[in-house]
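S.K.: Dropping in query24.pdb, which is PDB, C-alpha atoms:
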ATOM      1  CA  MET A  63      14.327  13.588   8.906  1.00  0.00           C
ATOM      2  CA  ASN A  64      10.568  13.422   9.426  1.00  0.00           C
ATOM      3  CA  ARG A  65       8.492  12.629   6.322  1.00  0.00           C
ATOM      4  CA  PRO A  66       4.705  13.064   6.034  1.00  0.00           C
ATOM      5  CA  GLU A  67       2.658   9.899   5.455  1.00  0.00           C
ATOM      6  CA  THR A  68       1.278  11.190   2.156  1.00  0.00           C
ATOM      7  CA  GLU A  69       4.731  11.369   0.662  1.00  0.00           C
ATOM      8  CA  VAL A  70       5.053   7.921  -0.821  1.00  0.00           C
ATOM      9  CA  PHE A  71       8.452   7.811  -2.506  1.00  0.00           C
ATOM     10  CA  THR A  72      10.650  10.728  -1.699  1.00  0.00           C
ATOM     11  CA  MET A  73      14.206   9.683  -1.843  1.00  0.00           C
ATOM     12  CA  ILE A  74      16.447   7.299  -3.636  1.00  0.00           C
ATOM     13  CA  THR A  75      20.160   7.852  -3.808  1.00  0.00           C
ATOM     14  CA  GLN A  76      22.702   5.641  -5.425  1.00  0.00           C
ATOM     15  CA  PRO A  77      26.210   6.666  -4.544  1.00  0.00           C
ATOM     16  CA  GLU A  78      27.965   3.916  -6.545  1.00  0.00           C
ATOM     17  CA  HIS A  79      25.358   2.736  -9.028  1.00  0.00           C
ATOM     18  CA  ASP A  80      24.048   4.955 -11.813  1.00  0.00           C
ATOM     19  CA  ASN A  81      21.587   2.807 -13.755  1.00  0.00           C
ATOM     20  CA  ILE A  82      18.560   4.453 -12.031  1.00  0.00           C
ATOM     21  CA  PRO A  83      18.634   8.255 -11.640  1.00  0.00           C
ATOM     22  CA  ASP A  84      17.783   9.842  -8.265  1.00  0.00           C
ATOM     23  CA  SER A  85      14.578  11.370  -9.643  1.00  0.00           C
ATOM     24  CA  LYS A  86      13.166   7.981 -10.691  1.00  0.00           C
ATOM     25  CA  ALA A  87      11.801   6.672  -7.357  1.00  0.00           C
ATOM     26  CA  GLN A  88       8.588   5.616  -9.107  1.00  0.00           C
ATOM     27  CA  LEU A  89      10.676   3.505 -11.477  1.00  0.00           C
ATOM     28  CA  VAL A  90      12.118   1.623  -8.507  1.00  0.00           C
ATOM     29  CA  LYS A  91       8.613   0.941  -7.193  1.00  0.00           C
ATOM     30  CA  ASP A  92       7.515  -0.234 -10.632  1.00  0.00           C
ATOM     31  CA  LEU A  93      10.543  -2.530 -10.933  1.00  0.00           C
ATOM     32  CA  ILE A  94       9.818  -4.114  -7.557  1.00  0.00           C
ATOM     33  CA  LEU A  95       6.121  -4.513  -8.346  1.00  0.00           C
ATOM     34  CA  TYR A  96       6.852  -5.988 -11.777  1.00  0.00           C
ATOM     35  CA  GLU A  97       9.427  -8.476 -10.545  1.00  0.00           C
ATOM     36  CA  LEU A  98       7.966  -9.384  -7.145  1.00  0.00           C
ATOM     37  CA  GLY A  99       4.297  -8.378  -7.157  1.00  0.00           C
ATOM     38  CA  HIS A 100       2.055  -6.443  -4.782  1.00  0.00           C
ATOM     39  CA  TYR A 101       2.102  -9.030  -2.013  1.00  0.00           C
ATOM     40  CA  VAL A 102       5.882  -8.905  -1.575  1.00  0.00           C
ATOM     41  CA  PHE A 103       5.916  -5.122  -1.992  1.00  0.00           C
ATOM     42  CA  ASN A 104       3.324  -4.808   0.804  1.00  0.00           C
ATOM     43  CA  GLN A 105       5.441  -7.127   2.987  1.00  0.00           C
ATOM     44  CA  LEU A 106       8.393  -4.807   2.381  1.00  0.00           C
ATOM     45  CA  CYS A 107       6.300  -1.754   3.258  1.00  0.00           C
ATOM     46  CA  SER A 108       4.916  -3.406   6.399  1.00  0.00           C
ATOM     47  CA  ALA A 109       8.373  -4.323   7.631  1.00  0.00           C
ATOM     48  CA  PHE A 110      10.241  -1.108   6.752  1.00  0.00           C
ATOM     49  CA  GLY A 111       7.627   1.600   6.151  1.00  0.00           C
ATOM     50  CA  ARG A 112       9.038   5.110   6.680  1.00  0.00           C
ATOM     51  CA  GLU A 113      12.610   3.823   6.836  1.00  0.00           C
ATOM     52  CA  THR A 114      15.520   4.063   4.463  1.00  0.00           C
ATOM     53  CA  ILE A 115      17.096   0.703   3.733  1.00  0.00           C
ATOM     54  CA  GLU A 116      20.385   0.032   2.045  1.00  0.00           C
ATOM     55  CA  LEU A 117      20.430  -2.571  -0.684  1.00  0.00           C
ATOM     56  CA  PRO A 118      23.743  -4.381  -1.151  1.00  0.00           C
ATOM     57  CA  LYS A 119      25.766  -4.316  -4.358  1.00  0.00           C
ATOM     58  CA  ARG A 120      25.505  -8.037  -5.057  1.00  0.00           C
ATOM     59  CA  PRO A 121      22.516 -10.385  -4.579  1.00  0.00           C
ATOM     60  CA  GLU A 122      24.894 -13.049  -3.202  1.00  0.00           C
ATOM     61  CA  ALA A 123      25.624 -10.758  -0.255  1.00  0.00           C
ATOM     62  CA  ILE A 124      22.153 -11.457   1.098  1.00  0.00           C
ATOM     63  CA  ARG A 125      22.059 -14.479   3.408  1.00  0.00           C
ATOM     64  CA  GLU A 126      19.122 -15.950   5.322  1.00  0.00           C
ATOM     65  CA  ASP A 127      19.887 -13.822   8.390  1.00  0.00           C
ATOM     66  CA  HIS A 128      19.876 -10.536   6.373  1.00  0.00           C
ATOM     67  CA  PHE A 129      17.109  -8.135   7.441  1.00  0.00           C
ATOM     68  CA  LEU A 130      15.672  -8.007   3.919  1.00  0.00           C
ATOM     69  CA  ALA A 131      15.596 -11.806   3.581  1.00  0.00           C
ATOM     70  CA  GLN A 132      13.789 -12.087   6.905  1.00  0.00           C
ATOM     71  CA  ALA A 133      11.130  -9.599   5.779  1.00  0.00           C
ATOM     72  CA  ILE A 134      10.388 -10.758   2.217  1.00  0.00           C
ATOM     73  CA  GLY A 135      12.231 -14.056   1.849  1.00  0.00           C
ATOM     74  CA  LEU A 136      15.729 -14.898   0.654  1.00  0.00           C
ATOM     75  CA  GLU A 137      14.930 -15.357  -3.040  1.00  0.00           C
ATOM     76  CA  ASN A 138      12.758 -12.215  -3.184  1.00  0.00           C
ATOM     77  CA  ALA A 139      15.467 -10.166  -1.459  1.00  0.00           C
ATOM     78  CA  ARG A 140      18.051 -11.347  -3.966  1.00  0.00           C
ATOM     79  CA  ILE A 141      15.754 -10.585  -6.899  1.00  0.00           C
ATOM     80  CA  MET A 142      15.081  -7.095  -5.507  1.00  0.00           C
ATOM     81  CA  THR A 143      18.800  -6.440  -5.124  1.00  0.00           C
ATOM     82  CA  LYS A 144      19.500  -7.699  -8.648  1.00  0.00           C
ATOM     83  CA  VAL A 145      16.716  -5.579 -10.191  1.00  0.00           C
ATOM     84  CA  VAL A 146      17.190  -2.348  -8.237  1.00  0.00           C
ATOM     85  CA  GLY A 147      20.925  -2.427  -7.661  1.00  0.00           C
ATOM     86  CA  ASN A 148      22.930  -0.786  -4.905  1.00  0.00           C
ATOM     87  CA  ALA A 149      20.769   1.920  -3.375  1.00  0.00           C
ATOM     88  CA  HIS A 150      19.549   3.684  -0.285  1.00  0.00           C
ATOM     89  CA  TYR A 151      15.820   3.273  -0.666  1.00  0.00           C
ATOM     90  CA  TYR A 152      13.060   5.066   1.263  1.00  0.00           C
ATOM     91  CA  VAL A 153      10.287   2.520   1.841  1.00  0.00           C
ATOM     92  CA  PRO A 154       6.753   3.955   1.947  1.00  0.00           C
ATOM     93  CA  LEU A 155       4.060   2.998   4.425  1.00  0.00           C
ATOM     94  CA  PRO A 156       1.843   0.130   3.297  1.00  0.00           C
ATOM     95  CA  SER A 157      -1.415   0.908   1.544  1.00  0.00           C
ATOM     96  CA  ARG A 158      -4.191   1.170   4.073  1.00  0.00           C
ATOM     97  CA  GLY A 159      -7.181   0.416   1.874  1.00  0.00           C
ATOM     98  CA  THR A 160      -8.000  -2.071  -0.815  1.00  0.00           C
ATOM     99  CA  ASN A 161      -7.758   0.641  -3.497  1.00  0.00           C
ATOM    100  CA  PRO A 162      -6.186   3.863  -2.169  1.00  0.00           C
ATOM    101  CA  GLU A 163      -6.193   5.457  -5.649  1.00  0.00           C
ATOM    102  CA  ALA A 164      -9.983   5.091  -6.034  1.00  0.00           C
ATOM    103  CA  ASP A 165     -11.933   8.302  -6.673  1.00  0.00           C
ATOM    104  CA  PRO A 166     -14.455   8.947  -3.854  1.00  0.00           C
ATOM    105  CA  ALA A 167     -16.799  10.784  -6.254  1.00  0.00           C
ATOM    106  CA  GLU A 168     -16.912   7.737  -8.541  1.00  0.00           C
ATOM    107  CA  LEU A 169     -17.638   5.513  -5.562  1.00  0.00           C
ATOM    108  CA  VAL A 170     -20.552   7.786  -4.582  1.00  0.00           C
ATOM    109  CA  ARG A 171     -21.932   7.450  -8.117  1.00  0.00           C
ATOM    110  CA  ALA A 172     -21.525   3.676  -7.818  1.00  0.00           C
ATOM    111  CA  GLY A 173     -23.758   3.684  -4.727  1.00  0.00           C
ATOM    112  CA  TYR A 174     -21.209   3.370  -1.922  1.00  0.00           C
ATOM    113  CA  ALA A 175     -21.957   4.846   1.514  1.00  0.00           C
ATOM    114  CA  ASN A 176     -19.292   6.996   3.198  1.00  0.00           C
ATOM    115  CA  TRP A 177     -18.198   4.184   5.536  1.00  0.00           C
ATOM    116  CA  GLU A 178     -17.743   1.864   2.537  1.00  0.00           C
ATOM    117  CA  ILE A 179     -15.689   4.490   0.692  1.00  0.00           C
ATOM    118  CA  ALA A 180     -13.508   4.898   3.788  1.00  0.00           C
ATOM    119  CA  LYS A 181     -12.900   1.157   3.845  1.00  0.00           C
ATOM    120  CA  VAL A 182     -11.945   1.102   0.145  1.00  0.00           C
ATOM    121  CA  ILE A 183      -9.523   4.052   0.149  1.00  0.00           C
ATOM    122  CA  GLY A 184      -8.134   3.418   3.629  1.00  0.00           C
ATOM    123  CA  PHE A 185      -9.125   6.635   5.396  1.00  0.00           C
ATOM    124  CA  THR A 186     -11.583   7.484   8.125  1.00  0.00           C
ATOM    125  CA  GLU A 187     -15.216   8.213   7.367  1.00  0.00           C
ATOM    126  CA  ARG A 188     -14.671  11.780   8.583  1.00  0.00           C
ATOM    127  CA  HIS A 189     -11.847  12.230   6.069  1.00  0.00           C
ATOM    128  CA  VAL A 190     -14.091  10.908   3.284  1.00  0.00           C
ATOM    129  CA  ARG A 191     -16.762  13.487   4.215  1.00  0.00           C
ATOM    130  CA  ARG A 192     -14.116  16.227   4.081  1.00  0.00           C
ATOM    131  CA  ILE A 193     -12.922  15.110   0.641  1.00  0.00           C
ATOM    132  CA  LEU A 194     -16.477  15.015  -0.701  1.00  0.00           C
ATOM    133  CA  ASN A 195     -17.343  18.401   0.873  1.00  0.00           C
ATOM    134  CA  ARG A 196     -14.246  19.928  -0.703  1.00  0.00           C
ATOM    135  CA  HIS A 197     -15.646  18.890  -4.093  1.00  0.00           C
ATOM    136  CA  GLY A 198     -19.166  20.032  -3.227  1.00  0.00           C
ATOM    137  CA  ILE A 199     -20.574  16.498  -3.074  1.00  0.00           C
ATOM    138  CA  THR A 200     -23.112  15.283  -0.544  1.00  0.00           C
ATOM    139  CA  ASN A 201     -23.406  11.512  -0.451  1.00  0.00           C
ATOM    140  CA  PRO A 202     -27.070  10.451  -0.692  1.00  0.00           C
ATOM    141  CA  ASN A 203     -26.214   6.763  -0.223  1.00  0.00           C
ATOM    142  CA  ARG A 204     -27.113   5.431   3.196  1.00  0.00           C
ATOM    143  CA  LYS A 205     -26.516   1.848   4.247  1.00  0.00           C
ATOM    144  CA  SER A 206     -26.695   0.214   7.622  1.00  0.00           C
ATOM    145  CA  ARG A 207     -23.609  -1.255   9.143  1.00  0.00           C
ATOM    146  CA  SER A 208     -25.281  -4.521   9.997  1.00  0.00           C
ATOM    147  CA  LEU A 209     -23.234  -7.696  10.066  1.00  0.00           C
ATOM    148  CA  PRO A 210     -24.361  -8.892   6.587  1.00  0.00           C
ATOM    149  CA  ALA A 211     -23.505  -5.479   5.107  1.00  0.00           C
ATOM    150  CA  LEU A 212     -20.069  -5.506   6.727  1.00  0.00           C
ATOM    151  CA  LEU A 213     -19.386  -9.023   5.496  1.00  0.00           C
ATOM    152  CA  GLY A 214     -20.484  -8.149   1.967  1.00  0.00           C
ATOM    153  CA  LYS A 215     -23.456 -10.529   1.969  1.00  0.00           C
ATOM    154  CA  VAL A 216     -26.705  -9.757   0.197  1.00  0.00           C
ATOM    155  CA  SER A 217     -29.677  -9.707   2.547  1.00  0.00           C
ATOM    156  CA  GLY A 218     -32.814 -11.614   1.664  1.00  0.00           C
ATOM    157  CA  GLY A 219     -33.277 -14.538  -0.676  1.00  0.00           C
ATOM    158  CA  GLY A 220     -32.636 -17.166   1.972  1.00  0.00           C
ATOM    159  CA  ALA A 221     -34.942 -19.027   4.284  1.00  0.00           C
ATOM    160  CA  PRO A 222     -35.894 -17.090   7.422  1.00  0.00           C
ATOM    161  CA  VAL A 223     -34.024 -18.087  10.530  1.00  0.00           C
ATOM    162  CA  GLN A 224     -36.183 -18.845  13.556  1.00  0.00           C
ATOM    163  CA  SER A 225     -34.900 -18.206  17.015  1.00  0.00           C
ATOM    164  CA  GLY A 226     -35.258 -20.613  19.883  1.00  0.00           C
ATOM    165  CA  GLY A 227     -34.878 -23.944  18.143  1.00  0.00           C
ATOM    166  CA  PHE A 228     -34.028 -25.799  14.992  1.00  0.00           C
ATOM    167  CA  ALA A 229     -35.466 -24.717  11.649  1.00  0.00           C
TER     168      ALA A 229
END
Go through the file and emit its structure as structure tokens.

M.R.:
Amino acid sequence: MNRPETEVFTMITQPEHDNIPDSKAQLVKDLILYELGHYVFNQLCSAFGRETIELPKRPEAIREDHFLAQAIGLENARIMTKVVGNAHYYVPLPSRGTNPEADPAELVRAGYANWEIAKVIGFTERHVRRILNRHGITNPNRKSRSLPALLGKVSGGGAPVQSGGFA
């Protein structure tokens, strides 16, 4: 079954465990994030993105050589199994940007250039232009992609650097 990348959580079935209904995939994500945090959740997504994994019935069933323990660590795998329960779980792709839920229009108002918006939301600059055009927004913010701008450093304020010798 081929799933589009934009479909984050599509399927969760629990044939033998009824404490989380099938329609509550977001609840499973929230449980994992609450118990294990974003870092471990992103590790899970990096290892198994776009795959359906089967969680065992009991946390003790997970040993060090279990695929889940190898991806997120033994203790984290056992906690995930204890919290979520026995389930077939569709794992989404990892987030591509630092804040994929950010609103591009708000970022334009905040002074971001299109390439900076693309970096924040995890899409290409072309896709950002399409999103803004769809909303009738033209981004007036222009910034060079010089090394200090890419590294997030503020230009100016320091002593000038002279070439060809020691300063």

S.K.: Starting from the shown file, work through the PyMOL selection byres ((chain A and resi 191-195) around 12) and note down what comes out as a list in words.

M.R.: Asp165, Pro166, Ala167, Glu168, Leu169, Val170, Arg171, Ala175, Asn176, Trp177, Glu178, Ile179, Ala180, Ile183, Phe185, Thr186, Glu187, Arg188, His189, Val190, Arg196, His197, Gly198, Ile199, Thr200, Asn201 and Pro202 of chain A

S.K.: Would you write out, as a list in words, every residue that the PyMOL selection byres ((chain A and resi 96-113) around 7) captures in this file?

M.R.: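 After applying the PyMOL selection byres ((chain A and resi 96-113) around 7), what remains is Asp92, Leu93, Ile94, Leu95, Thr114, Ile115, Ala133, Ile134, Asn138, Tyr152, Val153, Pro154, Leu155 and Pro156 of chain A.
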
S.K.: Could you check how far atom CA of Asn161 of chain A sits from atom CA of Gly147 of chain A, in Å to one decimal?

M.R.: 29.1 Å

S.K.: Give me the box for segment 129-148 of chain A as AutoDock Vina command-line options, namely the centre and edge lengths in Å to one decimal of a box along x, y and z that holds every listed atom plus 5 Å on each side.

M.R.:
--center_x 16.7 --center_y -8.1 --center_z -1.4 --size_x 22.5 --size_y 24.6 --size_z 27.6

S.K.: So which one's closest to Lys144 of chain A, A:Val90, A:Glu126, A:Ala172, A:Gly184? Using only C-alpha atoms, please.

M.R.: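 Of the candidates, the smallest distance to Lys144 of chain A is held by A:Val90.
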